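S.K.: query-v8.json is reproduced in full below (JSON, C-alpha atoms and all ligand atoms).
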```json
[["chain", "number", "residue", "atom", "x", "y", "z"],
["C", 1, "MET", "CA", 0.30, -67.62, 182.31],
["C", 2, "LEU", "CA", 2.36, -65.02, 184.14],
["C", 3, "THR", "CA", 3.24, -61.70, 182.50],
["C", 4, "VAL", "CA", 6.19, -59.69, 183.81],
["C", 5, "ASP", "CA", 7.20, -56.22, 182.59],
["C", 6, "LEU", "CA", 10.93, -55.90, 181.97],
["C", 7, "PRO", "CA", 11.69, -52.18, 181.63],
["C", 8, "ASP", "CA", 15.44, -52.70, 181.45],
["C", 9, "SER", "CA", 18.21, -55.27, 181.37],
["C", 10, "ASP", "CA", 18.43, -55.44, 185.18],
["C", 11, "ALA", "CA", 14.76, -56.40, 185.33],
["C", 12, "THR", "CA", 15.44, -59.26, 182.91],
["C", 13, "GLU", "CA", 18.32, -60.46, 185.09],
["C", 14, "ARG", "CA", 16.19, -60.20, 188.21],
["C", 15, "LEU", "CA", 13.49, -62.35, 186.62],
["C", 16, "GLY", "CA", 16.15, -64.97, 185.94],
["C", 17, "THR", "CA", 17.33, -64.80, 189.55],
["C", 18, "ALA", "CA", 13.74, -65.12, 190.80],
["C", 19, "LEU", "CA", 13.22, -68.15, 188.60],
["C", 20, "ALA", "CA", 16.34, -69.77, 190.05],
["C", 21, "ALA", "CA", 15.07, -69.05, 193.57],
["C", 22, "ALA", "CA", 11.81, -70.82, 192.73],
["C", 23, "LEU", "CA", 13.52, -74.05, 191.60],
["C", 24, "GLU", "CA", 12.76, -77.18, 193.54],
["C", 25, "PRO", "CA", 15.11, -80.15, 193.75],
["C", 26, "GLY", "CA", 15.17, -82.25, 190.58],
["C", 27, "PRO", "CA", 15.27, -81.58, 186.88],
["C", 28, "ALA", "CA", 13.72, -78.66, 185.01],
["C", 29, "VAL", "CA", 13.46, -77.65, 181.35],
["C", 30, "ILE", "CA", 13.12, -73.94, 180.60],
["C", 31, "LEU", "CA", 12.51, -73.04, 176.96],
["C", 32, "LEU", "CA", 13.48, -69.46, 176.07],
["C", 33, "GLU", "CA", 11.79, -67.75, 173.14],
["C", 34, "GLY", "CA", 12.23, -64.31, 171.66],
["C", 35, "THR", "CA", 14.00, -62.64, 168.76],
["C", 36, "LEU", "CA", 17.72, -61.98, 168.58],
["C", 37, "GLY", "CA", 18.53, -59.42, 171.28],
["C", 38, "ALA", "CA", 15.30, -59.95, 173.23],
["C", 39, "GLY", "CA", 17.20, -60.79, 176.43],
["C", 40, "LYS", "CA", 17.23, -64.59, 176.61],
["C", 41, "SER", "CA", 20.92, -64.78, 177.55],
["C", 42, "THR", "CA", 20.46, -61.90, 179.99],
["C", 43, "LEU", "CA", 17.77, -63.90, 181.81],
["C", 44, "VAL", "CA", 20.07, -66.95, 181.91],
["C", 45, "ARG", "CA", 22.83, -64.78, 183.38],
["C", 46, "GLY", "CA", 20.53, -63.71, 186.24],
["C", 47, "PHE", "CA", 19.46, -67.31, 186.73],
["C", 48, "LEU", "CA", 23.05, -68.53, 187.01],
["C", 49, "HIS", "CA", 24.08, -65.70, 189.29],
["C", 50, "GLY", "CA", 21.14, -66.67, 191.49],
["C", 51, "LEU", "CA", 22.60, -70.17, 191.76],
["C", 52, "GLY", "CA", 25.98, -68.84, 192.77],
["C", 53, "VAL", "CA", 27.78, -68.77, 189.43],
["C", 54, "THR", "CA", 30.26, -65.93, 189.52],
["C", 55, "GLY", "CA", 32.12, -64.38, 186.64],
["C", 56, "PRO", "CA", 31.00, -63.89, 183.08],
["C", 57, "VAL", "CA", 28.25, -66.00, 181.55],
["C", 58, "ALA", "CA", 29.02, -66.39, 177.87],
["C", 59, "SER", "CA", 26.46, -67.34, 175.24],
["C", 60, "PRO", "CA", 26.94, -70.90, 174.08],
["C", 61, "THR", "CA", 27.99, -71.02, 170.46],
["C", 62, "TYR", "CA", 27.18, -73.57, 167.80],
["C", 63, "GLY", "CA", 26.90, -77.16, 168.98],
["C", 64, "LEU", "CA", 27.93, -76.23, 172.47],
["C", 65, "VAL", "CA", 26.20, -76.50, 175.80],
["C", 66, "HIS", "CA", 27.64, -74.66, 178.77],
["C", 67, "THR", "CA", 27.36, -76.69, 181.95],
["C", 68, "TYR", "CA", 27.68, -75.27, 185.45],
["C", 69, "ALA", "CA", 28.15, -77.68, 188.36],
["C", 70, "VAL", "CA", 26.01, -75.73, 190.81],
["C", 71, "ARG", "CA", 23.29, -78.35, 191.34],
["C", 72, "PRO", "CA", 23.13, -82.15, 191.19],
["C", 73, "GLY", "CA", 22.83, -83.04, 187.50],
["C", 74, "GLY", "CA", 24.25, -79.64, 186.58],
["C", 75, "VAL", "CA", 22.72, -76.53, 185.06],
["C", 76, "HIS", "CA", 22.97, -76.53, 181.27],
["C", 77, "HIS", "CA", 22.70, -73.48, 179.02],
["C", 78, "ALA", "CA", 22.09, -74.32, 175.36],
["C", 79, "ASP", "CA", 21.40, -72.22, 172.27],
["C", 80, "VAL", "CA", 20.05, -74.12, 169.27],
["C", 81, "TYR", "CA", 19.84, -71.07, 166.96],
["C", 82, "ARG", "CA", 22.49, -72.34, 164.59],
["C", 83, "ILE", "CA", 21.46, -75.99, 164.65],
["C", 84, "GLU", "CA", 19.94, -76.65, 161.24],
["C", 85, "THR", "CA", 18.44, -80.13, 161.39],
["C", 86, "LEU", "CA", 16.98, -82.56, 163.89],
["C", 87, "HIS", "CA", 19.82, -84.91, 163.02],
["C", 88, "GLU", "CA", 22.34, -82.27, 164.08],
["C", 89, "LEU", "CA", 20.43, -81.67, 167.31],
["C", 90, "GLU", "CA", 20.46, -85.41, 168.00],
["C", 91, "GLN", "CA", 24.21, -85.48, 167.37],
["C", 92, "THR", "CA", 24.79, -83.06, 170.22],
["C", 93, "GLY", "CA", 23.43, -85.69, 172.63],
["C", 94, "MET", "CA", 21.38, -82.98, 174.29],
["C", 95, "LEU", "CA", 18.02, -84.69, 173.80],
["C", 96, "ASP", "CA", 19.16, -87.71, 175.80],
["C", 97, "GLU", "CA", 20.26, -85.61, 178.75],
["C", 98, "LEU", "CA", 17.24, -83.37, 179.21],
["C", 99, "ARG", "CA", 15.84, -85.39, 182.07],
["C", 100, "GLN", "CA", 18.89, -84.79, 184.22],
["C", 101, "GLY", "CA", 19.68, -81.47, 185.77],
["C", 102, "VAL", "CA", 18.30, -78.08, 184.84],
["C", 103, "TRP", "CA", 18.19, -77.01, 181.19],
["C", 104, "LEU", "CA", 17.79, -73.54, 179.73],
["C", 105, "VAL", "CA", 17.39, -73.69, 175.95],
["C", 106, "GLU", "CA", 17.46, -70.58, 173.74],
["C", 107, "TRP", "CA", 15.54, -70.79, 170.44],
["C", 108, "ALA", "CA", 13.81, -74.00, 171.54],
["C", 109, "SER", "CA", 10.87, -73.33, 169.17],
["C", 110, "ARG", "CA", 13.13, -74.22, 166.23],
["C", 111, "PHE", "CA", 12.64, -77.80, 167.40],
["C", 112, "ALA", "CA", 9.17, -77.69, 168.94],
["C", 113, "GLY", "CA", 8.04, -81.14, 169.99],
["C", 114, "GLU", "CA", 11.54, -82.44, 170.73],
["C", 115, "TRP", "CA", 11.58, -81.24, 174.34],
["C", 116, "PRO", "CA", 10.06, -82.96, 177.38],
["C", 117, "ALA", "CA", 6.32, -82.21, 177.51],
["C", 118, "ASP", "CA", 6.59, -80.97, 181.10],
["C", 119, "ASN", "CA", 8.44, -77.68, 180.64],
["C", 120, "LEU", "CA", 8.35, -73.95, 181.26],
["C", 121, "GLU", "CA", 8.16, -71.57, 178.29],
["C", 122, "VAL", "CA", 9.54, -68.08, 178.77],
["C", 123, "HIS", "CA", 8.61, -65.82, 175.85],
["C", 124, "ILE", "CA", 10.30, -62.42, 175.78],
["C", 125, "ASP", "CA", 8.48, -59.90, 173.58],
["C", 126, "VAL", "CA", 10.19, -56.68, 172.56],
["C", 127, "ALA", "CA", 7.90, -53.70, 173.16],
["C", 128, "GLY", "CA", 9.70, -50.57, 172.03],
["C", 129, "GLY", "CA", 12.92, -50.44, 174.08],
["C", 130, "ALA", "CA", 11.51, -52.50, 176.93],
["C", 131, "ARG", "CA", 10.50, -56.14, 177.06],
["C", 132, "VAL", "CA", 7.60, -58.15, 178.40],
["C", 133, "ALA", "CA", 7.98, -61.77, 179.52],
["C", 134, "ARG", "CA", 5.12, -64.22, 179.14],
["C", 135, "ILE", "CA", 5.68, -67.38, 181.13],
["C", 136, "VAL", "CA", 3.67, -70.52, 180.47],
["C", 137, "ALA", "CA", 3.90, -73.79, 182.38],
["C", 138, "ASN", "CA", 3.24, -77.10, 180.65],
["C", 139, "GLY", "CA", 2.72, -80.09, 182.95],
["C", 140, "PRO", "CA", 2.54, -80.50, 186.73],
["C", 141, "LYS", "CA", 6.23, -80.14, 187.56],
["C", 142, "HIS", "CA", 6.65, -76.81, 185.87],
["C", 143, "THR", "CA", 3.24, -75.59, 187.03],
["C", 144, "ALA", "CA", 4.71, -75.94, 190.53],
["C", 145, "LEU", "CA", 7.78, -73.98, 189.38],
["C", 146, "LEU", "CA", 5.60, -71.20, 187.97],
["C", 147, "GLU", "CA", 3.60, -71.06, 191.22],
["C", 148, "GLY", "CA", 6.87, -70.80, 193.11],
["C", 149, "LEU", "CA", 7.97, -67.98, 190.81],
["C", 150, "CYS", "CA", 4.71, -66.10, 191.43],
["C", 151, "ARG", "CA", 5.34, -66.37, 195.18],
["C", 152, "THR", "CA", 8.96, -65.25, 194.77],
["C", 153, "LEU", "CA", 7.91, -62.19, 192.79],
["C", 154, "GLN", "CA", 5.25, -61.10, 195.29],
["V", 1, "LIG", "N1", 14.26, -55.71, 179.53],
["V", 1, "LIG", "C1", 15.20, -55.19, 178.74],
["V", 1, "LIG", "N2", 15.09, -53.93, 178.27],
["V", 1, "LIG", "C2", 16.06, -53.41, 177.46],
["V", 1, "LIG", "N3", 17.19, -54.07, 177.08],
["V", 1, "LIG", "C3", 17.35, -55.33, 177.53],
["V", 1, "LIG", "C4", 16.37, -55.96, 178.36],
["V", 1, "LIG", "N4", 16.79, -57.20, 178.66],
["V", 1, "LIG", "C5", 17.96, -57.37, 178.01],
["V", 1, "LIG", "N5", 18.32, -56.26, 177.33],
["V", 1, "LIG", "C6", 19.53, -56.04, 176.50],
["V", 1, "LIG", "O1", 19.35, -56.62, 175.24],
["V", 1, "LIG", "C7", 20.60, -57.00, 174.69],
["V", 1, "LIG", "C8", 20.55, -58.41, 174.13],
["V", 1, "LIG", "O2", 20.35, -59.31, 175.17],
["V", 1, "LIG", "P1", 20.66, -60.88, 175.06],
["V", 1, "LIG", "O3", 20.34, -61.42, 176.39],
["V", 1, "LIG", "O4", 22.01, -61.13, 174.51],
["V", 1, "LIG", "O5", 19.56, -61.33, 173.98],
["V", 1, "LIG", "P2", 19.29, -62.76, 173.32],
["V", 1, "LIG", "O6", 20.03, -63.80, 174.08],
["V", 1, "LIG", "O7", 17.80, -62.92, 173.39],
["V", 1, "LIG", "O8", 19.74, -62.65, 171.89],
["V", 1, "LIG", "C9", 21.61, -56.85, 175.80],
["V", 1, "LIG", "O9", 22.33, -55.66, 175.56],
["V", 1, "LIG", "C10", 20.77, -56.71, 177.05],
["V", 1, "LIG", "O10", 21.39, -55.93, 178.04],
["V", 2, "MG", "MG", 21.35, -65.32, 173.46]]
```
Now, as a test, write the supplied structure out as structure tokens.
M.R.:
Amino acid sequence: MLTVDLPDSDATERLGTALAAALEPGPAVILLEGTLGAGKSTLVRGFLHGLGVTGPVASPTYGLVHTYAVRPGGVHHADVYRIETLHELEQTGMLDELRQGVWLVEWASRFAGEWPADNLEVHIDVAGGARVARIVANGPKHTALLEGLCRTLQ
């Protein structure tokens, strides 16, 4: 596990950018956890900026995935906060597409067990005004991503 202090919003964005810099070719699944307002979308914004996305990065609303064509297979930003049932999640088609491209999923723990077993969990804990990120890799592919992130942050 990697722990990163995030004293302000810029630090959250920079962590997202560092994560993007650590990506290797091929798919990735990044599961973002943390309460409303923790900074999940902020981290995604930094990630996308790191991949060359310019302009505003809006939060995806209900049933919607935002896709950015900045890598083969695309980079997909999803938020499953308002998805009530597994059936609804299945209806989005998202679960069938997770092995292509890079996925960033906010509120993934609402559907724990539905995501590929090889993934990266980014937990953002609110500590007073600041935040602390705890990053956990599950499986070999994302262990390599976490190692790359550690190198990027050094
Ligand atoms: N490390 C941080 N410290 C303080 N505020 C932060 C931090 N990271 C993000 N924020 C702020 O928290 C607010 C909510 O962020 P957002 O990314 O929309 O949260 P979420 O997607 O988790 O609901 C934004 O105003 C953002 O600038
Ligand atoms: Mg959000």
S.K.: Identify, on the basis of only C-alpha atoms, every residue whose closest approach to region 5-12 of chain C does not exceed 6 Å; exclude the query and any residue fewer than 4 positions from it along the same chain; express the result as a PyMOL selection string.
M.R.: chain C and resi 43+130-132
S.K.: Using C-alpha atoms, can you export the residues from the last selection as a compact mmCIF listing (two decimals), in the frame of the given file?
M.R.:
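Saved file part23.txt follows:
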```txt
# COMPACT_ATOMS: atom_id res chain seq x y z
CA LEU C 43 17.77 -63.90 181.81
CA ALA C 130 11.51 -52.50 176.93
CA ARG C 131 10.50 -56.14 177.06
CA VAL C 132 7.60 -58.15 178.40
```
S.K.: Which residue gives the smallest distance to Gly93 (chain C) among C:Leu149, C:Ser109, C:His142, C:Ala78, with only C-alpha atoms counted?
M.R.: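 Under the stated criterion, the closest residue is C:Ala78.
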S.K.: Which is closer to Glu121 (chain C) than all the others in C:Lys40, C:Arg71, C:Arg99, C:His77, using all atoms listed in the file?
M.R.: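 Looking only at the distances to Glu121 (chain C), the closest residue turns out to be C:Lys40.
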S.K.: Which one is closest to Leu23 (chain C): C:Leu2, C:Ala133, C:Val53, C:Leu120? Count all atoms listed in the file.
M.R.: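 For Leu23 (chain C), the nearest of the given residues is C:Leu120.
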S.K.: At a cut-off of 12 Å around ligand LIG 1 (chain V), and using all atoms listed in the file, what residues come up? Please write them as JSON, numbers by chain.
M.R.: {"C": [4, 5, 6, 7, 8, 9, 10, 11, 12, 13, 14, 15, 16, 31, 32, 33, 34, 35, 36, 37, 38, 39, 40, 41, 42, 43, 44, 45, 46, 47, 57, 58, 59, 60, 61, 77, 78, 79, 80, 81, 104, 105, 106, 107, 108, 122, 123, 124, 125, 126, 127, 128, 129, 130, 131, 132, 133]}
S.K.: Let me make sure I understand: among C:Val136, C:Leu64, C:Val29, C:Ala18, which one has the smallest atom-to-atom distance to Ala117 (chain C) if we use all atoms listed in the file?
M.R.: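 Of the candidates, the smallest distance to Ala117 (chain C) is held by C:Val29.
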S.K.: Got a sec: who's within 12 Å of Leu95 (chain C), counting all atoms listed in the file, leaving out chain neighbours fewer than 2 positions off, as a VMD selection string?
M.R.: chain C and resid 29 65 78 80 86 to 93 97 to 100 103 105 108 111 113 to 116
S.K.: Using C-alpha atoms, can you export the residues from the last selection as a short mmCIF file (atom, residue, chain, number, x, y, z; two decimals), in the coordinates of the input?
M.R.:
```cif
data_model
loop_
_atom_site.label_atom_id
_atom_site.label_comp_id
_atom_site.auth_asym_id
_atom_site.auth_seq_id
_atom_site.Cartn_x
_atom_site.Cartn_y
_atom_site.Cartn_z
CA VAL C 29 13.46 -77.65 181.35
CA VAL C 65 26.20 -76.50 175.80
CA ALA C 78 22.09 -74.32 175.36
CA VAL C 80 20.05 -74.12 169.27
CA LEU C 86 16.98 -82.56 163.89
CA HIS C 87 19.82 -84.91 163.02
CA GLU C 88 22.34 -82.27 164.08
CA LEU C 89 20.43 -81.67 167.31
CA GLU C 90 20.46 -85.41 168.00
CA GLN C 91 24.21 -85.48 167.37
CA THR C 92 24.79 -83.06 170.22
CA GLY C 93 23.43 -85.69 172.63
CA GLU C 97 20.26 -85.61 178.75
CA LEU C 98 17.24 -83.37 179.21
CA ARG C 99 15.84 -85.39 182.07
CA GLN C 100 18.89 -84.79 184.22
CA TRP C 103 18.19 -77.01 181.19
CA VAL C 105 17.39 -73.69 175.95
CA ALA C 108 13.81 -74.00 171.54
CA PHE C 111 12.64 -77.80 167.40
CA GLY C 113 8.04 -81.14 169.99
CA GLU C 114 11.54 -82.44 170.73
CA TRP C 115 11.58 -81.24 174.34
CA PRO C 116 10.06 -82.96 177.38
#
```
S.K.: CA of Thr54 (chain C) and CA of Gly73 (chain C) are how many Å apart?
M.R.: 18.8 Å
S.K.: Determine, counting all atoms listed in the file, which protein, DNA and RNA residues have an atom within 8 Å of an atom of Ala20 (chain C); residues of the same chain fewer than 6 positions away are not included. Present the result as a ChimeraX atom specification.
M.R.: /C:47-48,50-51
S.K.: Pick from C:Gly52, C:Gly101, C:Val70, C:Asn119: nearest to Ile30 (chain C), with only C-alpha atoms counted?
M.R.: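 The answer is C:Asn119, which sits nearest to Ile30 (chain C).
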S.K.: Take every atom of region 31-35 of chain C listed in the file, pad by 5 Å on each side, and give me the axis-aligned box centre and edge lengths in Å, one decimal, as JSON.
M.R.:
```
{"center_x": 12.9, "center_y": -67.8, "center_z": 172.9, "size_x": 12.2, "size_y": 20.4, "size_z": 18.2}
```
S.K.: Between CA of His76 (chain C) and CA of Ala112 (chain C), what distance in Å does the model show, to one decimal?
M.R.: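 Going from CA of His76 (chain C) over to CA of Ala112 (chain C), I get 18.5 Å.
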S.K.: Tell me, in Å to one decimal, how far CA of Val102 (chain C) is from CA of Ile83 (chain C).
M.R.: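 The value is 20.5 Å.
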S.K.: Any chance you could model N, CA and C atoms for region 101-115 of chain C and send them as a compact mmCIF listing (two decimals), in the coordinates of the input?
M.R.:
```txt
# COMPACT_ATOMS: atom_id res chain seq x y z
N GLY C 101 19.23 -82.83 185.53
CA GLY C 101 19.68 -81.47 185.77
C GLY C 101 18.68 -80.44 185.26
N VAL C 102 19.14 -79.21 185.25
CA VAL C 102 18.30 -78.08 184.84
C VAL C 102 18.79 -77.61 183.48
N TRP C 103 17.85 -77.45 182.54
CA TRP C 103 18.19 -77.01 181.19
C TRP C 103 17.54 -75.68 180.86
N LEU C 104 18.32 -74.79 180.27
CA LEU C 104 17.79 -73.54 179.73
C LEU C 104 18.15 -73.55 178.24
N VAL C 105 17.14 -73.54 177.38
CA VAL C 105 17.39 -73.69 175.95
C VAL C 105 16.90 -72.46 175.19
N GLU C 106 17.84 -71.73 174.58
CA GLU C 106 17.46 -70.58 173.74
C GLU C 106 17.07 -71.08 172.36
N TRP C 107 16.05 -70.46 171.78
CA TRP C 107 15.54 -70.79 170.44
C TRP C 107 14.94 -72.20 170.37
N ALA C 108 14.35 -72.64 171.48
CA ALA C 108 13.81 -74.00 171.54
C ALA C 108 12.71 -74.23 170.50
N SER C 109 11.99 -73.16 170.11
CA SER C 109 10.87 -73.33 169.17
C SER C 109 11.33 -73.79 167.79
N ARG C 110 12.62 -73.67 167.50
CA ARG C 110 13.13 -74.22 166.23
C ARG C 110 12.92 -75.72 166.17
N PHE C 111 12.83 -76.35 167.34
CA PHE C 111 12.64 -77.80 167.40
C PHE C 111 11.48 -78.14 168.33
N ALA C 112 10.37 -77.45 168.12
CA ALA C 112 9.17 -77.69 168.94
C ALA C 112 8.81 -79.16 168.86
N GLY C 113 8.43 -79.73 169.98
CA GLY C 113 8.04 -81.14 169.99
C GLY C 113 9.17 -82.07 170.38
N GLU C 114 10.40 -81.58 170.38
CA GLU C 114 11.54 -82.44 170.73
C GLU C 114 11.87 -82.38 172.22
N TRP C 115 11.25 -81.46 172.94
CA TRP C 115 11.58 -81.24 174.34
C TRP C 115 10.62 -82.00 175.24
```
